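**Student:** Dropping a structure here in structure tokens format, bear with me for questions.
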Amino acid sequence: MHSLALTGASAATVGILLGLISGFVLVRSELVWEKTFTDFFMLKNGKIVSIILFSICIGTFLFFLLKLAGAVNCHIKPSSFWASVIGGVIFGAGVFICKQVPITSFALFGTGRVYALWALAGMLLAIPAVRFCSGFLSDTVYALNPPFHYEKTIDVYMPGVLAVGIISFIALLLSALFYFMFSGVSASGDGKKSASSGKSSKKTRGKKGK
Amino acid sequence: MLKYLTSKWNFLAAGATIALLVMFFLYLLDTAPGMDDAFIVLSKYCGNAMEDKSLDPLPRFDWQTAFIIGIILGAFIATAVSAEFKLEIFPADRQNKGFFSSLILSPLVLMSGGFLVMFGLQLAGDSFFGVLSSAMQLSTGAWAFLLSAVFTIFFIAAVAVVKLEKGD
């Protein structure tokens with residue numbers, strides 16, 4: 001069993017189909033709405049992190065099985081340790097400011113929220129800016145030595161099955177923790193609050209009553 | 001079935017679907033999911049169009065461009081079937097807050113945020129979907145990126161919550 005490695009028109013068709021599903025999932029899971037991000041920043045709703053961690057939990061396990069079957073290949077882009085860490089910090093600050101990531105910006109635009117184009121314009125401006133700073137970045141961020149013996153994948157440090165098991169378990173545990181710790185309110189498209197579950201809505205009503 | 005398509009999904013359904021999507025990408029296209037190449041092409045196209053003050057022929061229609069179009073269409077369908085589609089020029093929290101807030105501050109905030117988001121992603125050398133896929137493939141860099149991003153968000157959020165509680 002090998003990966004299909006489609007190209008040309010068939011790859012574009014698959015791209016559209018997978019994009020359609022992605023856009024649909026992002027809206028149905030409420031990841032596109034700014035309210036979901038704001039609630040997460042205010043520690044009221046951990047749905048974003050729960051979804052990301054649960055997808056990693058399932059994905060790690062699926063990837064391991066599919067790789068064993070020879071159906072998929074490893075596709076990891078090379079990156080230095082400090083570039084990833086500093087990139088993550090800048091990315092986190094940016095998400096806090098605009099409450100969007102590239103994929104949700106496109107989805108938000110699809111839902112009729114035209115202002116997503118401003119965030120997309122900022123994202124497009126960042127690409128020549130990185131190219132402009134590439135010399136400086138090569139001398140500084142990319143030249144820094146990692147604090148430990150840095151390998152491309154985690155399974156180099158331990159047996160593959162163990163790495164998959166540990167990562168999946170931690171991701172599942174944190175995902176449940178985030179969901180149940182911060183499950184208060186959820187967002188809707190028009191920015192109105194709605195109860196995310198029957199239990200939480202009863203709790204909210206109870207508190208209001210008191 | 002129709003009710004499931006129009007209602008909100010919990011984190012289990014959404015997370016499992018995203019994981020399946022990544023696996024489909026890896027199996028069908030034998031490449032990491034994401035759209036960073038499409039962003040680079042689009043950025044170059046916009047730059048050339050602004051320099052020449054004319055529209056060049058459209059960039060090549062590859063799977064990444066198709067993916068972006070698919071996302072927009074998918075989001076449109078999802079909001080259309082649940083009657084959530086609404087044309088909004090300004091974010092809901094900035095509407096009716098005056099000329100400065102709506103027309104100047106809001107675009108500036110969104111643009112600066114978007115700039116930082118893409119700068120961070122370009123520095124790490126991947127797109128967000130790509131980082132997610134790399135984390136599933138046990139990439140050390142992707143985990144370093146995700147952890148530092150989450151810690152940064154929590155740090156800024158904690159400062160914001162403390163400031164709000166103090167009433168600053």
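Quick note on naming: the chains in the structure tokens go A, B, ... in the order shown, residues restart at 1 in each chain, and ligands are numbered from 1 in order of appearance.
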Would you list the contacts of segment 81-91 of chain A as a list in words, taking every protein, DNA or RNA residue within 8 Å and counting only C-alpha atoms, but skipping same-chain residues closer than 3 positions in sequence?

**Tutor:** Gly94, Val95, Val141, Tyr142, Leu144, Asn145, Pro146 and Tyr150 of chain A; Leu116, Val117, Met118, Phe119, Gly120, Leu121, Gln122, Leu123, Ala124, Gly141, Ala142, Ala144, Phe145, Leu146, Leu147, Ser148, Ala149, Phe151 and Thr152 of chain B

**Student:** Mind giving me the straight-line distance from atom CA of Val101 of chain A to atom CA of Val72 of chain A in Å, one decimal?

**Tutor:** 26.5 Å

**Student:** For a quick test of understanding: name the residues of chain A lying within 6 Å of chain B when counting only C-alpha atoms, and present them as a PyMOL selection string.

**Tutor:** chain A and resi 3-6+11-12+15-16+19-20+22-24+27-29+41+51+54-56+59-60+72+75-76+81+83-85+87-92+94+97-98+106-107+110-115+118-119+122-124+126+152-154
